[in-house]
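Structure file protein_36.csv (CSV, N, CA and C atoms) follows.
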chain,number,residue,atom,x,y,z
A,1,MET,N,0.8,-1.2,0.0
A,1,MET,CA,0.0,0.0,0.0
A,1,MET,C,0.9,1.3,0.0
A,2,GLN,N,2.0,1.2,0.6
A,2,GLN,CA,2.9,2.4,0.7
A,2,GLN,C,3.3,2.8,-0.7
A,3,ARG,N,3.6,1.9,-1.6
A,3,ARG,CA,4.0,2.2,-2.9
A,3,ARG,C,2.9,2.9,-3.7
A,4,ARG,N,1.7,2.5,-3.5
A,4,ARG,CA,0.5,3.1,-4.2
A,4,ARG,C,0.3,4.6,-3.7
A,5,GLU,N,0.5,4.8,-2.4
A,5,GLU,CA,0.3,6.1,-1.8
A,5,GLU,C,1.5,7.0,-2.3
A,6,ARG,N,2.7,6.5,-2.4
A,6,ARG,CA,3.8,7.3,-2.9
A,6,ARG,C,3.6,7.7,-4.3
A,7,THR,N,3.1,6.8,-5.1
A,7,THR,CA,2.8,7.0,-6.5
A,7,THR,C,1.7,8.1,-6.6
A,8,ARG,N,0.7,8.0,-5.9
A,8,ARG,CA,-0.4,9.0,-5.9
A,8,ARG,C,0.2,10.4,-5.5
A,9,HIS,N,1.0,10.4,-4.4
A,9,HIS,CA,1.6,11.7,-4.0
A,9,HIS,C,2.5,12.3,-5.1
A,10,LEU,N,3.3,11.5,-5.7
A,10,LEU,CA,4.1,12.0,-6.8
A,10,LEU,C,3.3,12.6,-8.0
A,11,ILE,N,2.2,11.9,-8.3
A,11,ILE,CA,1.3,12.3,-9.4
A,11,ILE,C,0.6,13.7,-9.0
A,12,GLU,N,0.2,13.8,-7.7
A,12,GLU,CA,-0.4,15.0,-7.3
A,12,GLU,C,0.6,16.2,-7.4
A,13,LEU,N,1.9,15.9,-7.0
A,13,LEU,CA,2.9,17.0,-7.1
A,13,LEU,C,3.2,17.4,-8.5
A,14,GLY,N,3.2,16.4,-9.4
A,14,GLY,CA,3.3,16.8,-10.8
A,14,GLY,C,2.1,17.6,-11.3
A,15,GLY,N,1.0,17.3,-10.8
A,15,GLY,CA,-0.2,18.1,-11.2
A,15,GLY,C,-0.1,19.5,-10.7
A,16,LEU,N,0.5,19.7,-9.6
A,16,LEU,CA,0.7,21.1,-9.1
A,16,LEU,C,1.7,21.9,-10.0
A,17,VAL,N,2.7,21.2,-10.4
A,17,VAL,CA,3.7,21.8,-11.4
A,17,VAL,C,3.0,22.2,-12.6
A,18,GLN,N,2.1,21.4,-13.1
A,18,GLN,CA,1.3,21.7,-14.3
A,18,GLN,C,0.3,22.8,-14.0
A,19,LYS,N,-0.4,22.7,-12.9
A,19,LYS,CA,-1.4,23.7,-12.5
A,19,LYS,C,-0.8,25.1,-12.4
A,20,ALA,N,0.4,25.2,-11.9
A,20,ALA,CA,1.1,26.4,-11.7
A,20,ALA,C,1.5,27.1,-13.0
A,21,GLY,N,1.5,26.3,-14.1
A,21,GLY,CA,1.9,26.9,-15.4
A,21,GLY,C,3.3,26.7,-15.7
A,22,LEU,N,4.1,26.0,-14.9
A,22,LEU,CA,5.5,25.8,-15.1
A,22,LEU,C,5.8,24.9,-16.3
A,23,VAL,N,5.0,23.9,-16.5
A,23,VAL,CA,5.2,23.0,-17.7
A,23,VAL,C,5.1,23.8,-19.0
A,24,ASP,N,4.0,24.6,-19.1
A,24,ASP,CA,3.9,25.4,-20.3
A,24,ASP,C,5.0,26.4,-20.5
A,25,LEU,N,5.3,27.1,-19.4
A,25,LEU,CA,6.3,28.2,-19.4
A,25,LEU,C,7.6,27.6,-19.8
A,26,ALA,N,8.0,26.4,-19.4
A,26,ALA,CA,9.3,25.8,-19.7
A,26,ALA,C,9.2,24.9,-21.0
A,27,ASP,N,8.1,25.0,-21.7
A,27,ASP,CA,7.9,24.2,-22.9
A,27,ASP,C,8.1,22.7,-22.6
A,28,ASP,N,7.6,22.3,-21.5
A,28,ASP,CA,7.7,20.9,-21.1
A,28,ASP,C,9.1,20.3,-21.1
A,29,ASP,N,10.1,21.2,-20.8
A,29,ASP,CA,11.5,20.7,-20.7
A,29,ASP,C,11.8,20.4,-19.3
A,30,ARG,N,12.1,19.2,-19.0
A,30,ARG,CA,12.3,18.7,-17.6
A,30,ARG,C,13.5,19.3,-17.0
A,31,ALA,N,14.6,19.6,-17.7
A,31,ALA,CA,15.8,20.2,-17.2
A,31,ALA,C,15.4,21.6,-16.7
A,32,THR,N,14.7,22.3,-17.5
A,32,THR,CA,14.3,23.7,-17.1
A,32,THR,C,13.4,23.7,-15.9
A,33,ILE,N,12.4,22.8,-15.9
A,33,ILE,CA,11.5,22.7,-14.7
A,33,ILE,C,12.3,22.3,-13.5
A,34,TYR,N,13.2,21.4,-13.6
A,34,TYR,CA,14.0,21.0,-12.4
A,34,TYR,C,14.9,22.1,-12.0
A,35,GLY,N,15.5,22.8,-12.9
A,35,GLY,CA,16.3,24.0,-12.6
A,35,GLY,C,15.5,25.1,-11.9
A,36,ALA,N,14.3,25.3,-12.3
A,36,ALA,CA,13.5,26.3,-11.7
A,36,ALA,C,13.1,25.9,-10.3
A,37,LEU,N,12.8,24.6,-10.0
A,37,LEU,CA,12.6,24.2,-8.7
A,37,LEU,C,13.8,24.3,-7.8
A,38,LEU,N,14.9,24.0,-8.3
A,38,LEU,CA,16.2,24.1,-7.6
A,38,LEU,C,16.4,25.6,-7.2
A,39,GLU,N,16.1,26.5,-8.1
A,39,GLU,CA,16.3,27.9,-7.9
A,39,GLU,C,15.4,28.3,-6.7
A,40,LEU,N,14.1,27.9,-6.7
A,40,LEU,CA,13.2,28.2,-5.6
A,40,LEU,C,13.8,27.7,-4.3
A,41,VAL,N,14.2,26.5,-4.2
A,41,VAL,CA,14.8,26.0,-3.0
A,41,VAL,C,16.0,26.8,-2.6
A,42,GLY,N,16.9,27.1,-3.5
A,42,GLY,CA,18.0,27.9,-3.2
A,42,GLY,C,17.7,29.3,-2.6
A,43,ARG,N,16.7,29.9,-3.2
A,43,ARG,CA,16.3,31.2,-2.7
A,43,ARG,C,15.7,31.1,-1.3
A,44,ALA,N,14.9,30.1,-1.1
A,44,ALA,CA,14.3,29.9,0.2
A,44,ALA,C,15.3,29.7,1.3
A,45,ARG,N,16.4,29.0,0.9
A,45,ARG,CA,17.4,28.7,1.9
A,45,ARG,C,18.4,29.8,2.2
A,46,GLU,N,18.5,30.8,1.2
A,46,GLU,CA,19.4,31.9,1.4
A,46,GLU,C,18.9,32.9,2.5
A,47,GLY,N,17.7,33.2,2.4
A,47,GLY,CA,17.2,34.3,3.3
A,47,GLY,C,16.4,33.7,4.5
A,48,ALA,N,15.3,34.4,4.8
A,48,ALA,CA,14.4,33.9,5.9
A,48,ALA,C,13.5,32.9,5.3
A,49,ALA,N,13.9,31.6,5.4
A,49,ALA,CA,13.1,30.5,4.8
A,49,ALA,C,11.7,30.5,5.4
A,50,GLY,N,11.6,30.7,6.6
A,50,GLY,CA,10.2,30.7,7.2
A,50,GLY,C,9.3,31.7,6.6
A,51,ASP,N,9.8,32.9,6.4
A,51,ASP,CA,9.0,34.0,5.7
A,51,ASP,C,8.6,33.6,4.3
A,52,THR,N,9.6,33.1,3.6
A,52,THR,CA,9.4,32.7,2.2
A,52,THR,C,8.4,31.6,2.1
A,53,LEU,N,8.5,30.6,3.0
A,53,LEU,CA,7.5,29.5,2.9
A,53,LEU,C,6.1,29.9,3.3
A,54,THR,N,6.1,30.8,4.3
A,54,THR,CA,4.8,31.4,4.7
A,54,THR,C,4.1,32.1,3.5
A,55,LEU,N,4.9,32.9,2.8
A,55,LEU,CA,4.4,33.7,1.7
A,55,LEU,C,3.9,32.7,0.6
A,56,TRP,N,4.7,31.7,0.3
A,56,TRP,CA,4.3,30.7,-0.7
A,56,TRP,C,3.0,30.0,-0.3
A,57,LYS,N,2.9,29.6,1.0
A,57,LYS,CA,1.7,28.9,1.5
A,57,LYS,C,0.5,29.8,1.3
A,58,ARG,N,0.6,31.1,1.7
A,58,ARG,CA,-0.6,32.0,1.6
A,58,ARG,C,-1.0,32.1,0.1
A,59,ARG,N,0.0,32.3,-0.7
A,59,ARG,CA,-0.3,32.5,-2.2
A,59,ARG,C,-0.9,31.2,-2.7
A,60,GLY,N,-0.5,30.1,-2.4
A,60,GLY,CA,-1.1,28.8,-2.8
A,60,GLY,C,-2.5,28.6,-2.3
A,61,LYS,N,-2.7,28.9,-1.0
A,61,LYS,CA,-4.0,28.8,-0.4
A,61,LYS,C,-5.0,29.7,-1.1
A,62,ARG,N,-4.6,31.0,-1.4
A,62,ARG,CA,-5.5,31.9,-2.1
A,62,ARG,C,-5.8,31.4,-3.5
A,63,ALA,N,-4.8,30.8,-4.2
A,63,ALA,CA,-5.1,30.2,-5.5
A,63,ALA,C,-6.1,29.1,-5.4
A,64,PHE,N,-5.9,28.2,-4.5
A,64,PHE,CA,-6.8,27.0,-4.3
A,64,PHE,C,-8.2,27.5,-4.0
A,65,ASP,N,-8.3,28.5,-3.1
A,65,ASP,CA,-9.6,29.0,-2.7
A,65,ASP,C,-10.3,29.7,-3.9
A,66,ALA,N,-9.5,30.5,-4.7
A,66,ALA,CA,-10.1,31.1,-5.8
A,66,ALA,C,-10.6,30.1,-6.8
A,67,GLU,N,-9.9,29.0,-7.0
A,67,GLU,CA,-10.3,28.0,-7.9
A,67,GLU,C,-11.6,27.3,-7.4
A,68,ALA,N,-11.6,27.0,-6.1
A,68,ALA,CA,-12.8,26.4,-5.5
A,68,ALA,C,-14.0,27.4,-5.7
A,69,ASP,N,-13.8,28.7,-5.4
A,69,ASP,CA,-14.9,29.6,-5.6
A,69,ASP,C,-15.4,29.6,-7.1
A,70,GLU,N,-14.5,29.6,-8.0
A,70,GLU,CA,-14.8,29.6,-9.4
A,70,GLU,C,-15.6,28.3,-9.8
A,71,ARG,N,-15.2,27.2,-9.2
A,71,ARG,CA,-16.0,25.9,-9.5
A,71,ARG,C,-17.4,26.0,-8.9
A,72,GLU,N,-17.5,26.6,-7.8
A,72,GLU,CA,-18.8,26.7,-7.1
A,72,GLU,C,-19.8,27.7,-7.9
A,73,SER,N,-19.2,28.7,-8.4
A,73,SER,CA,-20.0,29.7,-9.1
A,73,SER,C,-20.4,29.3,-10.5
A,74,HIS,N,-19.6,28.3,-11.1
A,74,HIS,CA,-19.9,27.8,-12.4
A,74,HIS,C,-20.0,26.3,-12.4
A,75,PRO,N,-21.1,25.8,-11.9
A,75,PRO,CA,-21.3,24.3,-11.8
A,75,PRO,C,-21.4,23.6,-13.1

Can you give me the file's structure in the form of C-alpha cells?
Amino acid sequence: MQRRERTRHLIELGGLVQKAGLVDLADDDRATIYGALLELVGRAREGAAGDTLTLWKRRGKRAFDAEADERESHP
C-alpha cells in the first residue's frame, strides 16, 4: 500500500507543477523545470526561509480558494 500512496503523492505533485503553469512556461523541458525548482529551493534557503515558505503557502492557499470559488459559481 505504501507504494501506491507514494505514486499518488508524486502524481499530485506533478499536477501542481502543471497547474502552476511551469510546464507550459518551460515548454515541457524537464531540465528547465528541475532547474526552476532548484532555484526556488536555493532562494528559500538563502534568506528567511520561514517567511518565504509562509508567503508561498498563503499564495497557494489563495489560488486554491479562488479555484474552488470559481468551480462553485460555475457548476

**Request:** Record the distance separating atom N of A:Val41 and atom N of A:Thr54, expressed in Å with one decimal.
**Result:**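 Computing the Euclidean distance for atom N of A:Val41 and atom N of A:Thr54 yields 12.5 Å.
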
**Asked** So which residues of stretch 6-53 of chain A fall under helix (DSSP H, G or I) by DSSP, listed as a PyMOL selection string?
**Response** chain A and resi 6-19+22-25+30-46+49-53

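Straight-line separation from atom C of A:Thr32 to atom N of A:Gly15: 14.9 Å.
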
**Message:** as number ranges by chain, please: the residues near A:Ala20 (cut-off 12 Å, only C-alpha atoms, same-chain neighbours under 5 positions excluded).
**Reply:** A: 13-15, 25-26, 33, 59-60, 63-64

**Item:** Separation of atom N of A:Ile11 from atom N of A:Tyr34 in Å
**Value:**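 Distance reported for this atom pair: 15.5 Å.
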